[in-house]
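First up is the structure itself, then whatever we jot down about it.
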2 protein chains.
Amino acid sequence: MEVHFAAVDWGTSSFRIWLVDGNGAALAERRSDEGMVHAAETGFERVLETHLAALAAPPALPVVICGMAGSRQGWQEARYLTVPAALSEIVDRAVIVRDARRDIRILPGLAQRDPANPDVMRGEETQLLGGLIDRSPAGLACLPGTHSKWVRLSGGGVTDFSSHMTGELFALLAGTSILRHAVSGAAACDPASAGFVGAVGEGYREPARLSRMLFSLRAAQLLFDAPPTRLYERLSGLLIGGEIAAAASDYGRLDGTRLIASGRLGDLYASAFAALDIAVDVIDADRAVLAGLVIAAGQFWPLPDRRPHFGTMKA
Amino acid sequence: MEVHFAAVDWGTSSFRIWLVDGNGAALAERRSDEGMVHAAETGFERVLETHLAALAAPPALPVVICGMAGSRQGWQEARYLTVPAALSEIVDRAVIVRDARRDIRILPGLAQRDPANPDVMRGEETQLLGGLIDRSPAGLACLPGTHSKWVRLSGGGVTDFSSHMTGELFALLAGTSILRHAVSGAAACDPASAGFVGAVGEGYREPARLSRMLFSLRAAQLLFDAPPTRLYERLSGLLIGGEIAAAASDYGRLDGTRLIASGRLGDLYASAFAALDIAVDVIDADRAVLAGLVIAAGQFWPLPDRRPHFGTMKA
């Protein structure tokens with residue numbers, strides 16, 4: 001089947017585009033690091049059109065976008081929906097990009113306008129829409145990342161959520177802080193390693209002592225020549241264990257949480273939950289975001305011979 | 001009275017030198033940012049001699065140094081003493097710099113060689129020696145900084161201690177992370193501000209939720225246009241409150257803690273302890289480190305007409 005629309009997940013530091021057919025199946029895909037930060041300098045339309053041209057997309061092909069392209073510093077602001085909000089609302093409240101050479105729609109993010117717990121997300125709402133459409137959208141979801149999201153859902157909508165700076169803290173600590181000396185040259189973090197799994201437990205049991213446990217990584221290197229890879233795994237485990245402890249303090253029992261994640265990060269969180277004996281339901285985040293974009297596109301641009309569809313992606 | 005020796009506090013990113021007379025009184029002082037990181041490139045002796053020349057110090061004037069100049073990456077390694085250790089041991093175990101043009105001694109730091117809680121300090125041990133000499137060196141001490149130290153003392157010695165990355169986390173979060181947008185243009189943190197005091201309480205009561213509370217600063221800016229100075233004060237308060245919570249979890253009641261600190265940082269911690277109703281005994285860290293160096297010098301280079309003295313500094 002031929003290409004029906006393009007779907008874009010436009011993050012702060014990443015760009016991803018798919019060409020999608022009328023059944024919601026991805027025909028082609030490109031990834032790059034031309035995220036919002038990059039595109040804000042070189043121009044959003046230019047980045048998008050360059051990728052569309054590389055994929056030989058037809059001139060009038062419409063495009064649906066989620067993520068940071070809809071932020072105030074993005075291409076065109078798609079104002080946050082305020083929670084509680086039904087996931088389907090993000091489709092209803094998409095904005096059409098003005099003065100673009102094709103039909104381009106950007107999905108809005110979600111905002112929690114609670115002065116005691118203000119919070120925002122952009123992109124994860126589309127993962128939730130796509131990842132939970134076939135399941136009852138109720139209960140808890142964990143979406144790990146630079147700013148991990150924990151989301152409480154009920155009746156097909158988002159009740160409330162919280163962001164944790166786990167991924168960004170990891171990057172800052174491993175790359176810029178005094179701990180960079182301790183982890184320099186470390187290979188990737190093995191989700192099954194004793195260093196990671198043990199540290200998840202420590203971070204989970206004693207989250208209040210995190211900043212103390214962090215410095216001990218440096219001391220372990222100085223005093224005991226602890227190997228960088230082990231310290232790298234411990235750093236990752238302490239932070240992820242701490243995040244899960246914070247979620248447990250907010251939400252109580254975490255069993256049944258939907259873990260919406262992909263790749264290495266998904267493996268790390270799955271291993272962390274297993275180490276803590278918390279049963280989770282793993283949903284692939286890459287497929288979820290595309291499925292969310294396909295659902296939106298099905299309402300924007302239904303096939304002439306069909307009713308608006310809630311498409312599902314081919315595995 | 002004429003100059004008897006020079007005293008140097010050589011940190012990672014700061015350098016400070018005093019000329020001291022035979023009564024332990026400072027006659028002159030210079031400060032610069034030629035810390036270990038700088039001196040490791042340009043040469044420790046060169047940095048030291050330049051400052052001594054600027055102060056017109058006599059060619060044979062001896063010099064006592066504490067801090068990072070004694071680290072493995074420093075001028076000459078002064079190997080850590082292992083705790084528990086008497087504070088007086090740091091004087092006994094000073095190293096003499098080889099091949100220097102004058103008598104230069106570097107005091108060692110302390111190491112906690114406990115595989116479950118490895119830790120190190122360099123410089124704070126000299127503040128403890130100088131700050132506690134007139135008081136019974138027992139109980140708890142808090143020495144805030146880039147890597148804040150909490151130290152348990154008993155019988156004139158250090159029993160154990162813990163380092164918290166509070167200062168470094170603050171610098172990374174305010175300067176490099178997503179939160180930099182929220183605090184950009186902030187003035188200095190007012191220790192008496194409601195933002196700081198309130199956040200100390202939140203960080204203290206819920207230290208496990210720190211990484212969640214941090215991201216809410218960014219959300220508060222996006223959703224409520226919260227002013228940068230208030231968010232800056234909140235960032236500082238959350239981190240300091242979290243550090244004190246971790247210390248309370250480690251040490252129990254904190255009343256009677258000696259707060260060894262100076263300047264703005266000392267004001268912030270004093271305000272934080274007051275907000276938490278924890279009574280502390282404030283000791284000026286600048287005077288304490290000089291007093292510690294004077295004690296050491298009194299043993300290395302006693303005046304001919306005196307017994308080795310435990311000098312005290314003039315206020």
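Every chain in the structure tokens takes a letter, A first, then B, and so on in the order presented; its residues are numbered from 1, and the ligands are numbered from 1 following the presented order.
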Up to 9 Å from chain B, what residues of chain A turn up? Count only C-alpha atoms and give them as a compact mmCIF listing (two decimals) with N, CA and C atoms, in the first residue's frame.
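Output below, filename part-v9.txt:
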# COMPACT_ATOMS: atom_id res chain seq x y z
N ALA A 111 -0.01 19.47 30.68
CA ALA A 111 0.48 20.28 31.81
C ALA A 111 -0.32 19.97 33.05
N GLN A 112 0.38 19.91 34.17
CA GLN A 112 -0.26 19.75 35.47
C GLN A 112 -0.16 21.11 36.16
N ARG A 113 -1.27 21.85 36.13
CA ARG A 113 -1.22 23.23 36.63
C ARG A 113 -1.53 23.30 38.12
N PRO A 115 -0.01 24.30 41.56
CA PRO A 115 1.13 25.09 42.05
C PRO A 115 2.04 24.29 42.99
N ALA A 116 1.49 23.29 43.67
CA ALA A 116 2.32 22.49 44.57
C ALA A 116 3.12 21.43 43.81
N ASN A 117 2.64 21.01 42.65
CA ASN A 117 3.32 19.99 41.85
C ASN A 117 3.19 20.30 40.37
N PRO A 118 3.74 21.44 39.96
CA PRO A 118 3.64 21.76 38.53
C PRO A 118 4.45 20.77 37.71
N ASP A 119 3.96 20.44 36.53
CA ASP A 119 4.71 19.50 35.69
C ASP A 119 4.26 19.61 34.24
N VAL A 120 5.12 19.18 33.34
CA VAL A 120 4.82 19.23 31.91
C VAL A 120 5.39 18.00 31.20
N HIS A 147 14.06 13.07 31.27
CA HIS A 147 13.18 13.47 32.37
C HIS A 147 12.07 12.42 32.44
N SER A 162 4.33 12.90 37.22
CA SER A 162 5.51 13.52 37.82
C SER A 162 6.73 13.23 36.97
N SER A 163 7.60 14.21 36.88
CA SER A 163 8.84 14.07 36.10
C SER A 163 10.03 13.95 37.04
N HIS A 164 10.96 13.10 36.71
CA HIS A 164 12.16 12.88 37.50
C HIS A 164 13.36 13.10 36.61
N MET A 165 14.37 13.81 37.12
CA MET A 165 15.49 14.18 36.27
C MET A 165 16.55 13.09 36.14
N THR A 166 16.15 11.85 36.27
CA THR A 166 17.09 10.73 36.34
C THR A 166 18.10 10.70 35.18
N GLU A 168 18.93 13.03 32.99
CA GLU A 168 19.80 14.21 32.91
C GLU A 168 20.83 14.19 34.04
N LEU A 169 20.40 13.80 35.24
CA LEU A 169 21.37 13.71 36.35
C LEU A 169 22.46 12.70 36.02
N LEU A 172 24.86 14.32 33.56
CA LEU A 172 25.68 15.36 34.19
C LEU A 172 26.73 14.75 35.11
N LEU A 173 26.30 13.78 35.91
CA LEU A 173 27.23 13.19 36.89
C LEU A 173 28.32 12.39 36.19
N THR A 176 30.26 15.26 33.58
CA THR A 176 30.74 16.58 33.94
C THR A 176 31.22 16.68 35.38
N SER A 177 30.66 15.90 36.28
CA SER A 177 30.98 16.07 37.71
C SER A 177 32.30 15.40 38.06
N ILE A 178 32.68 15.50 39.33
CA ILE A 178 33.88 14.82 39.84
C ILE A 178 33.81 13.31 39.57
N GLU A 206 17.33 3.43 50.30
CA GLU A 206 17.78 4.64 51.00
C GLU A 206 17.88 5.83 50.06
N PRO A 207 16.78 6.21 49.45
CA PRO A 207 16.83 7.30 48.47
C PRO A 207 17.30 8.61 49.08
N ALA A 208 17.08 8.78 50.38
CA ALA A 208 17.46 10.04 51.02
C ALA A 208 18.98 10.19 51.07
N ARG A 209 19.70 9.07 50.96
CA ARG A 209 21.16 9.15 51.09
C ARG A 209 21.85 9.18 49.73
N LEU A 210 21.08 9.50 48.70
CA LEU A 210 21.62 9.43 47.34
C LEU A 210 22.88 10.26 47.16
N SER A 211 22.85 11.54 47.59
CA SER A 211 24.00 12.39 47.26
C SER A 211 25.24 11.92 48.02
N ARG A 212 25.02 11.26 49.17
CA ARG A 212 26.15 10.67 49.87
C ARG A 212 26.66 9.43 49.13
N MET A 213 25.75 8.60 48.66
CA MET A 213 26.16 7.38 47.96
C MET A 213 26.88 7.73 46.66
N LEU A 214 26.50 8.84 46.04
CA LEU A 214 27.15 9.24 44.80
C LEU A 214 28.63 9.54 45.02
N PHE A 215 28.93 10.33 46.05
CA PHE A 215 30.33 10.68 46.26
C PHE A 215 31.18 9.45 46.57
N SER A 216 30.54 8.44 47.17
CA SER A 216 31.32 7.25 47.52
C SER A 216 31.85 6.54 46.27
N LEU A 217 31.26 6.80 45.11
CA LEU A 217 31.80 6.22 43.88
C LEU A 217 33.20 6.77 43.61
N ARG A 218 33.35 8.07 43.82
CA ARG A 218 34.66 8.69 43.63
C ARG A 218 35.65 8.13 44.66
N ALA A 219 35.18 8.04 45.90
CA ALA A 219 36.07 7.54 46.96
C ALA A 219 36.46 6.09 46.70
N ALA A 220 35.52 5.30 46.17
CA ALA A 220 35.82 3.89 45.89
C ALA A 220 36.91 3.78 44.83
N LEU A 222 39.30 6.15 44.33
CA LEU A 222 40.56 6.62 44.93
C LEU A 222 41.14 5.60 45.89
N LEU A 223 40.29 5.00 46.72
CA LEU A 223 40.79 4.14 47.80
C LEU A 223 40.92 2.68 47.40
N PHE A 224 40.05 2.22 46.51
CA PHE A 224 40.03 0.79 46.22
C PHE A 224 40.24 0.48 44.74
N GLY A 242 16.60 5.14 43.03
CA GLY A 242 16.06 6.32 43.71
C GLY A 242 14.77 6.81 43.06
N GLU A 243 14.73 6.77 41.73
CA GLU A 243 13.51 7.20 41.03
C GLU A 243 12.34 6.28 41.38
N ALA A 245 11.99 4.51 44.05
CA ALA A 245 11.62 4.77 45.45
C ALA A 245 10.71 5.99 45.55
N ALA A 246 11.04 7.04 44.79
CA ALA A 246 10.21 8.25 44.81
C ALA A 246 8.81 7.93 44.30
N ALA A 247 8.73 7.11 43.24
CA ALA A 247 7.43 6.73 42.70
C ALA A 247 6.64 5.93 43.74
N SER A 249 6.91 6.15 46.89
CA SER A 249 6.46 7.06 47.94
C SER A 249 5.26 7.88 47.47
N ASP A 250 5.18 8.16 46.17
CA ASP A 250 4.04 8.91 45.63
C ASP A 250 2.81 8.03 45.39
*Pick from A:Leu143, A:Asp134, A:Phe44, A:Ile283: nearest to A:Val97, with only C-alpha atoms counted?*
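The closest residue to A:Val97 is A:Phe44.
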*Step one, run DSSP on the backbone; step two, keep only residues of stretch 145-289 of chain B assigned to alpha helix (DSSP H); then write them as number ranges by chain.*
B: 166-175, 180-183, 194-205, 210-224, 228-251, 263-275, 285-289
*Any idea what the distance is between atom CA of B:Gly241 and atom CA of A:Gly241?*
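Going from atom CA of B:Gly241 over to atom CA of A:Gly241, I get 20.6 Å.
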*Point out the residue among A:Gly130, A:Pro84, A:Gly252, A:Gly70 with the least atom-to-atom distance to A:Asp160, counting only C-alpha atoms.*
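Using only C-alpha atoms, the shortest distance to A:Asp160 belongs to A:Pro84.
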_Residue nearest B:Leu254 among B:Val158, B:Asp190, B:Val280, B:Ala53 (counting only C-alpha atoms)_ = B:Val280
*Residue contacts of stretch 8-18 of chain A (6 Å, only C-alpha atoms) excluding same-chain residues fewer than 2 positions away, as a list in words*: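 Once the adjacent positions are removed, what remains is Ala6, Ala28, Glu29, Arg30, Arg31, Ser32, Asp33, Glu34, Gly35, Met36, Val37, Ile65, Cys66, Gly67, Met68 and Ala69 of chain A.
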*Which one of B:Leu19, B:Pro228, B:Ile278, B:Arg234 sits closest to B:Arg180 if you count only C-alpha atoms?*
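Looking at the shortest contact to B:Arg180, the residue is B:Pro228.
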Compile a residue-level contact table for stretch 127-188 of chain B against stretch 86-91 of chain B at a cut-off of 7 Å, reporting for every qualifying residue the shortest atom pair and its distance in Å to one decimal, with only C-alpha atoms counted, rows ordered by chain and ascending number, as CSV.
residue,atom,partner,partner_atom,distance
B:Leu129,CA,B:Leu87,CA,5.7
B:Gly156,CA,B:Ala86,CA,5.8
B:Gly157,CA,B:Ala86,CA,3.8
B:Val158,CA,B:Ala86,CA,6.3
*asked:* Show me, as a PyMOL selection string, the residues that have an atom within 10 Å of stretch 285-301 of chain A when counting only C-alpha atoms, minus same-chain residues fewer than 4 positions from it.
replied: chain A and resi 4-9+16-18+20-26+62-66+87-88+90-92+94+103+105-107+123-133+143-144+259-263+266+306-315
*If you run DSSP on this backbone, which residues of stretch 185-314 of chain B come out as strand (DSSP E or B), and could you give them as JSON, numbers by chain?*
{"B": [257, 258, 259, 260, 261, 280, 281, 282, 283, 284]}
Using only C-alpha atoms, please write the residues we just selected to a file, as a short mmCIF file (atom, residue, chain, number, x, y, z; two decimals), in the first residue's frame.
data_model
loop_
_atom_site.label_atom_id
_atom_site.label_comp_id
_atom_site.auth_asym_id
_atom_site.auth_seq_id
_atom_site.Cartn_x
_atom_site.Cartn_y
_atom_site.Cartn_z
CA THR B 257 26.32 20.18 65.41
CA ARG B 258 29.33 22.43 64.80
CA LEU B 259 28.69 24.27 61.55
CA ILE B 260 32.13 25.14 60.19
CA ALA B 261 31.43 27.53 57.35
CA VAL B 280 24.08 24.56 65.80
CA ASP B 281 27.32 26.10 66.98
CA VAL B 282 28.76 28.24 64.16
CA ILE B 283 32.53 28.30 63.65
CA ASP B 284 34.09 30.45 60.97
#
